[in-house]
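Please read the structure below before turning to the comments.
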Amino acid sequence: MILLDDIRRPVEDRLAAYEEFVGRHFTAEGELLSEMLRHALSSRGKGVRSLLVMLSAGMNAAVPAAAEGRRPALAALLVEMIHLASLVHDDVIDEADTRRGRPSANALWQSHKAVLLGDYILARAMNLGLASAQFDLVTHVCGTITALCEGEVLQDDLAGRHTMTREAYLDIVRKKTACLLGVSASAGALAVGAPRERVAAMRCFGEALGMAFQMQDDILDYTREAQTGKPANNDLREGKVTLPLLLVLDRVSEERRTELLGRLAQCRDDEAAVEYLHRTVVGEGGLELAAEVMRHYVTRAVGQLADYPDTPYRKSLADLCAYVAERDR
Ligand code: FPP
Ligand code: MG
């Protein structure tokens, strides 16, 4: 089994320096905001985005010293904080009480304060980026904020109307998740002065990895145990048609499709409907079909590494692809 700790090894020191950079610079004014920010920072999770920045910086640096300057740490901070702010807001939108097994900011301080916390995290990251005058990095990374918002609005709109197509699903995943992972990988290359083609290749790598990452997340929502921090079937309860259900809907008759979508509309407050749809998706092979699509993106990501020499960074990026496909949480 591939472990994230092993994947991190080639950039362990850089990640430790990055954490120190965050601790030193990412602080808030006032007691309450400081407490809220500390809570958000300590709920950051696996740190896949900052890891991607550092591995890509290491792999793309023409001279090793280039990967040790402040630019990769700044890029990592920007992508991580955009991600963190988006999750704080997402929990407000989803009315989620927990995030990674801990109370969400909205559960602890109510939604209005959680919205402000998300705004503050975003604003603080922008300020740090602009104050550093690394405008190319700030421009490169911050372009993803609009994509995140577009993806979220599209998802919400389609969940409300109970319509979803394969194209719309892929568009949402690209905007909601893949875009920021693509920018994490490409920002690492940009931070160390890699040529334009390499920055573009890293973006394709990260985007394909991001597509696979979100698809695995959508699969895990059907299989995850409650004690891992999040109840299974969350997406069904929120009325979301994600890949496993989408692929089942694509295969059944029009009549059955209408029936299943009718059940989905009841899922918000009817556990029997949730159970029924869960059983249907599993029984119709939706999870295997979704895993097949997910593996297609993993293969696409790995393909982007082919032109790079065999280094510990490249190995870790390839292992990250395998990890995404295998992970169970
Ligand atoms: C998690 O999705 C949500 C996202 C990846 C993006 C959310 C984006 C916004 C709320 C737009 C606002 C953006 C900023 C920068 C403030 P999910 O609900 O499918 O996953 P989950 O199970 O982790 O909640
Ligand atoms: Mg959510």
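Chain identifiers are assigned as A, B, and so on, following the order in which chains appear in the structure tokens; residues are numbered from 1 within each chain, and ligands are numbered from 1 in order of appearance.
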Handout entry: Distance query region 175-186 of chain A at most 7 Å, only C-alpha atoms, self and fewer than 2 positions along chain excluded, as a ChimeraX atom specification
Key = /A:49,52-53,56,79,141,144,147-148,150-152,171-173,188-190,199-200,202-208,210-211,214
Selection to disk with N, CA, C and O atoms, as a compact mmCIF listing (two decimals), in the first residue's frame:
```txt
# COMPACT_ATOMS: atom_id res chain seq x y z
N ARG A 49 -2.50 19.57 -1.97
CA ARG A 49 -2.18 20.68 -2.89
C ARG A 49 -0.79 21.25 -2.64
O ARG A 49 -0.03 21.48 -3.58
N LEU A 52 1.74 18.79 -3.87
CA LEU A 52 1.87 18.86 -5.33
C LEU A 52 2.78 20.01 -5.76
O LEU A 52 3.63 19.86 -6.64
N VAL A 53 2.59 21.17 -5.14
CA VAL A 53 3.43 22.34 -5.46
C VAL A 53 4.90 21.98 -5.24
O VAL A 53 5.75 22.20 -6.11
N SER A 56 6.30 19.24 -7.65
CA SER A 56 6.45 19.79 -8.99
C SER A 56 7.62 20.77 -9.03
O SER A 56 8.41 20.79 -9.99
N VAL A 79 -2.46 28.24 -2.90
CA VAL A 79 -3.40 27.18 -3.30
C VAL A 79 -4.08 26.56 -2.08
O VAL A 79 -5.29 26.28 -2.10
N VAL A 141 -2.31 31.55 -9.82
CA VAL A 141 -3.07 30.76 -8.85
C VAL A 141 -4.49 31.32 -8.66
O VAL A 141 -5.46 30.56 -8.60
N THR A 144 -8.06 30.54 -10.38
CA THR A 144 -8.90 29.37 -10.08
C THR A 144 -10.12 29.72 -9.22
O THR A 144 -11.06 28.93 -9.15
N ALA A 147 -13.24 29.73 -11.18
CA ALA A 147 -13.64 28.37 -11.58
C ALA A 147 -14.33 27.64 -10.42
O ALA A 147 -15.35 26.97 -10.60
N LEU A 148 -13.76 27.80 -9.21
CA LEU A 148 -14.35 27.15 -8.03
C LEU A 148 -15.81 27.63 -7.83
O LEU A 148 -16.70 26.81 -7.58
N GLU A 150 -17.80 29.00 -10.10
CA GLU A 150 -18.64 28.54 -11.21
C GLU A 150 -19.06 27.08 -11.01
O GLU A 150 -20.22 26.72 -11.20
N GLY A 151 -18.09 26.25 -10.61
CA GLY A 151 -18.38 24.83 -10.40
C GLY A 151 -19.42 24.63 -9.31
O GLY A 151 -20.34 23.82 -9.44
N GLU A 152 -19.27 25.37 -8.23
CA GLU A 152 -20.18 25.23 -7.09
C GLU A 152 -21.61 25.69 -7.46
O GLU A 152 -22.59 25.04 -7.11
N ASP A 171 -17.70 18.91 -16.23
CA ASP A 171 -17.44 20.35 -16.12
C ASP A 171 -17.36 20.77 -14.65
O ASP A 171 -16.46 21.52 -14.24
N ILE A 172 -18.29 20.26 -13.85
CA ILE A 172 -18.29 20.60 -12.42
C ILE A 172 -17.01 20.11 -11.75
O ILE A 172 -16.35 20.84 -11.01
N VAL A 173 -16.66 18.86 -12.01
CA VAL A 173 -15.46 18.29 -11.38
C VAL A 173 -14.22 19.07 -11.80
O VAL A 173 -13.33 19.35 -10.99
N GLY A 188 3.95 25.09 -9.00
CA GLY A 188 5.25 24.59 -8.53
C GLY A 188 6.30 24.76 -9.61
O GLY A 188 7.43 25.20 -9.35
N ALA A 189 5.93 24.43 -10.86
CA ALA A 189 6.87 24.56 -11.99
C ALA A 189 7.16 26.04 -12.26
O ALA A 189 8.31 26.43 -12.46
N LEU A 190 6.10 26.85 -12.24
CA LEU A 190 6.27 28.29 -12.49
C LEU A 190 7.17 28.92 -11.42
O LEU A 190 8.01 29.78 -11.73
N VAL A 199 5.31 24.02 -17.61
CA VAL A 199 4.24 24.54 -16.75
C VAL A 199 2.90 23.98 -17.26
O VAL A 199 2.06 23.52 -16.48
N ALA A 200 2.75 23.96 -18.60
CA ALA A 200 1.50 23.45 -19.19
C ALA A 200 1.35 21.95 -18.94
O ALA A 200 0.25 21.47 -18.62
N MET A 202 2.52 20.26 -16.47
CA MET A 202 2.20 20.07 -15.05
C MET A 202 0.72 20.40 -14.77
O MET A 202 0.08 19.77 -13.94
N ARG A 203 0.21 21.36 -15.53
CA ARG A 203 -1.21 21.70 -15.36
C ARG A 203 -2.09 20.53 -15.81
O ARG A 203 -3.04 20.15 -15.14
N CYS A 204 -1.71 19.93 -16.97
CA CYS A 204 -2.47 18.75 -17.45
C CYS A 204 -2.37 17.61 -16.44
O CYS A 204 -3.35 16.93 -16.16
N PHE A 205 -1.14 17.43 -15.90
CA PHE A 205 -0.94 16.38 -14.91
C PHE A 205 -1.88 16.58 -13.71
O PHE A 205 -2.64 15.69 -13.33
N GLY A 206 -1.83 17.79 -13.15
CA GLY A 206 -2.63 18.08 -11.94
C GLY A 206 -4.12 18.01 -12.22
O GLY A 206 -4.89 17.55 -11.37
N GLU A 207 -4.52 18.45 -13.41
CA GLU A 207 -5.96 18.43 -13.72
C GLU A 207 -6.47 16.99 -13.84
O GLU A 207 -7.54 16.67 -13.33
N ALA A 208 -5.68 16.16 -14.52
CA ALA A 208 -6.10 14.75 -14.66
C ALA A 208 -6.13 14.08 -13.29
O ALA A 208 -7.07 13.34 -12.95
N GLY A 210 -6.63 15.59 -10.51
CA GLY A 210 -7.77 16.19 -9.81
C GLY A 210 -9.09 15.56 -10.23
O GLY A 210 -9.98 15.35 -9.39
N MET A 211 -9.24 15.27 -11.52
CA MET A 211 -10.46 14.60 -11.99
C MET A 211 -10.58 13.25 -11.27
O MET A 211 -11.65 12.90 -10.74
N GLN A 214 -11.42 13.64 -7.46
CA GLN A 214 -12.84 13.93 -7.15
C GLN A 214 -13.71 12.70 -7.43
O GLN A 214 -14.65 12.41 -6.69
```
Practice task
Within region 125-167 of chain A, find each residue whose DSSP state, derived from the backbone, is alpha helix (DSSP H), and express the selection as number ranges by chain.
Solution key: A: 125-132, 135-142, 144-161, 166-167
Grab the residues selected above and save them as a tab-separated table (two decimals), in the first residue's frame with N, CA and C atoms.
```
chain	number	residue	atom	x	y	z
A	125	ALA	N	-4.66	35.58	2.24
A	125	ALA	CA	-3.76	34.95	1.25
A	125	ALA	C	-3.44	35.94	0.12
A	126	MET	N	-4.47	36.65	-0.36
A	126	MET	CA	-4.25	37.65	-1.42
A	126	MET	C	-3.26	38.72	-0.95
A	127	ASN	N	-3.47	39.21	0.26
A	127	ASN	CA	-2.58	40.25	0.80
A	127	ASN	C	-1.13	39.77	0.84
A	128	LEU	N	-0.95	38.54	1.34
A	128	LEU	CA	0.42	38.01	1.42
A	128	LEU	C	1.03	37.89	0.03
A	129	GLY	N	0.22	37.39	-0.90
A	129	GLY	CA	0.71	37.21	-2.27
A	129	GLY	C	1.09	38.54	-2.89
A	130	LEU	N	0.23	39.53	-2.74
A	130	LEU	CA	0.50	40.84	-3.35
A	130	LEU	C	1.68	41.53	-2.66
A	131	ALA	N	1.76	41.39	-1.34
A	131	ALA	CA	2.86	42.02	-0.62
A	131	ALA	C	4.21	41.44	-1.03
A	132	SER	N	4.19	40.20	-1.48
A	132	SER	CA	5.46	39.56	-1.88
A	132	SER	C	5.89	40.03	-3.28
A	135	PHE	N	3.93	38.69	-8.72
A	135	PHE	CA	2.63	38.86	-9.38
A	135	PHE	C	2.30	37.72	-10.35
A	136	ASP	N	3.32	37.13	-10.97
A	136	ASP	CA	3.03	36.03	-11.89
A	136	ASP	C	2.38	34.86	-11.15
A	137	LEU	N	2.90	34.56	-9.95
A	137	LEU	CA	2.34	33.45	-9.16
A	137	LEU	C	0.92	33.78	-8.68
A	138	VAL	N	0.75	35.00	-8.20
A	138	VAL	CA	-0.57	35.40	-7.69
A	138	VAL	C	-1.60	35.32	-8.82
A	139	THR	N	-1.24	35.84	-10.00
A	139	THR	CA	-2.16	35.82	-11.14
A	139	THR	C	-2.47	34.38	-11.55
A	140	HIS	N	-1.41	33.56	-11.62
A	140	HIS	CA	-1.58	32.17	-12.05
A	140	HIS	C	-2.53	31.41	-11.11
A	141	VAL	N	-2.31	31.55	-9.82
A	141	VAL	CA	-3.07	30.76	-8.85
A	141	VAL	C	-4.49	31.32	-8.66
A	142	CYS	N	-4.61	32.64	-8.62
A	142	CYS	CA	-5.91	33.21	-8.24
A	142	CYS	C	-6.96	33.11	-9.35
A	144	THR	N	-8.06	30.54	-10.38
A	144	THR	CA	-8.90	29.37	-10.08
A	144	THR	C	-10.12	29.72	-9.22
A	145	ILE	N	-10.09	30.88	-8.57
A	145	ILE	CA	-11.19	31.19	-7.65
A	145	ILE	C	-12.51	31.28	-8.42
A	146	THR	N	-12.46	31.89	-9.60
A	146	THR	CA	-13.70	32.00	-10.38
A	146	THR	C	-14.19	30.60	-10.77
A	147	ALA	N	-13.24	29.73	-11.18
A	147	ALA	CA	-13.64	28.37	-11.58
A	147	ALA	C	-14.33	27.64	-10.42
A	148	LEU	N	-13.76	27.80	-9.21
A	148	LEU	CA	-14.35	27.15	-8.03
A	148	LEU	C	-15.81	27.63	-7.83
A	149	CYS	N	-15.99	28.92	-7.94
A	149	CYS	CA	-17.35	29.47	-7.74
A	149	CYS	C	-18.28	28.98	-8.85
A	150	GLU	N	-17.80	29.00	-10.10
A	150	GLU	CA	-18.64	28.54	-11.21
A	150	GLU	C	-19.06	27.08	-11.01
A	151	GLY	N	-18.09	26.25	-10.61
A	151	GLY	CA	-18.38	24.83	-10.40
A	151	GLY	C	-19.42	24.63	-9.31
A	152	GLU	N	-19.27	25.37	-8.23
A	152	GLU	CA	-20.18	25.23	-7.09
A	152	GLU	C	-21.61	25.69	-7.46
A	153	VAL	N	-21.69	26.80	-8.20
A	153	VAL	CA	-23.01	27.31	-8.59
A	153	VAL	C	-23.69	26.32	-9.55
A	154	LEU	N	-22.92	25.82	-10.50
A	154	LEU	CA	-23.47	24.86	-11.47
A	154	LEU	C	-23.97	23.61	-10.75
A	155	GLN	N	-23.15	23.11	-9.81
A	155	GLN	CA	-23.54	21.91	-9.07
A	155	GLN	C	-24.83	22.14	-8.29
A	156	ASP	N	-24.89	23.27	-7.63
A	156	ASP	CA	-26.06	23.59	-6.81
A	156	ASP	C	-27.31	23.72	-7.68
A	157	ASP	N	-27.14	24.38	-8.81
A	157	ASP	CA	-28.26	24.60	-9.72
A	157	ASP	C	-28.79	23.25	-10.24
A	158	LEU	N	-27.87	22.38	-10.65
A	158	LEU	CA	-28.31	21.09	-11.20
A	158	LEU	C	-28.89	20.18	-10.13
A	159	ALA	N	-28.33	20.25	-8.90
A	159	ALA	CA	-28.87	19.42	-7.81
A	159	ALA	C	-30.31	19.86	-7.52
A	160	GLY	N	-30.55	21.16	-7.57
A	160	GLY	CA	-31.89	21.67	-7.29
A	160	GLY	C	-32.89	21.24	-8.36
A	161	ARG	N	-32.41	21.08	-9.60
A	161	ARG	CA	-33.35	20.74	-10.68
A	161	ARG	C	-33.34	19.24	-11.02
A	166	ARG	N	-23.44	13.77	-18.33
A	166	ARG	CA	-22.04	13.43	-18.18
A	166	ARG	C	-21.16	14.68	-18.41
A	167	GLU	N	-21.53	15.48	-19.42
A	167	GLU	CA	-20.74	16.70	-19.73
A	167	GLU	C	-20.78	17.67	-18.55
```
Handout entry: Contacts of Leu15 (chain A) at 10 Å (only C-alpha atoms; same-chain gap of 4+ positions) as a ChimeraX atom specification
Key = /A:8-11,19-21,47,50-51,53-55,72-73,76
Exercise for the section: For His112 (chain A), work out the shell of residues within 12 Å, counting only C-alpha atoms and skipping chain neighbours fewer than 2 positions away, then give it as a list of chain:residue names. Expected result: A:Val88, A:His89, A:Asp91, A:Val92, A:Ile93, A:Glu95, A:Ala105, A:Asn106, A:Ala107, A:Leu108, A:Trp109, A:Gln110, A:Ala114, A:Val115, A:Leu116, A:Leu117, A:Gly118, A:Asp119
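When only C-alpha atoms and all ligand atoms are used to measure the gap to ligand 2, the shortest distance among A:Ala57, A:Val48, A:Leu236, A:Leu209 belongs to A:Leu236.
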Problem - Computed interatomic separation between CA of Asp218 (chain A) and CA of Glu271 (chain A) (Å) - result: 19.0 Å
Exercise for the section: For CA of Leu305 (chain A) and CA of Asp328 (chain A), determine how far apart the two atoms are, in Å to one decimal place. Expected result: 24.6 Å
Handout entry: Closest of A:Phe213, A:Arg24, A:Leu220, A:Ile7 to Leu320 (chain A) - atom-to-atom distances counting only C-alpha atoms
Key = A:Ile7
Handout entry: A:Gly30, A:Gly143, A:Gly193, A:Pro312 ranked by distance to ligand 1, top pick (using only C-alpha atoms and all ligand atoms)
Key =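 Among the listed residues, the smallest separation from ligand 1 belongs to A:Gly143.
Proximity ranking of A:Arg329, A:Lys315, A:Arg300, A:Lys240 relative to ligand 2 places A:Lys240 first, based on only C-alpha atoms and all ligand atoms.
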Handout entry: Two-atom distance - atom 8 (C, counted along the ligand's line) of ligand 1, CA of Asp90 (chain A) (Å)
Key =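 Answer for the atom 8 (C, counted along the ligand's line) of ligand 1 to CA of Asp90 (chain A) separation: 5.7 Å.
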Problem - Pick from A:Glu80, A:Glu68, A:Asp5, A:Asp221 nearest to ligand 2, counting only C-alpha atoms and all ligand atoms - result: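 Ranking A:Glu80, A:Glu68, A:Asp5, A:Asp221 by distance to ligand 2, first place goes to A:Asp221.
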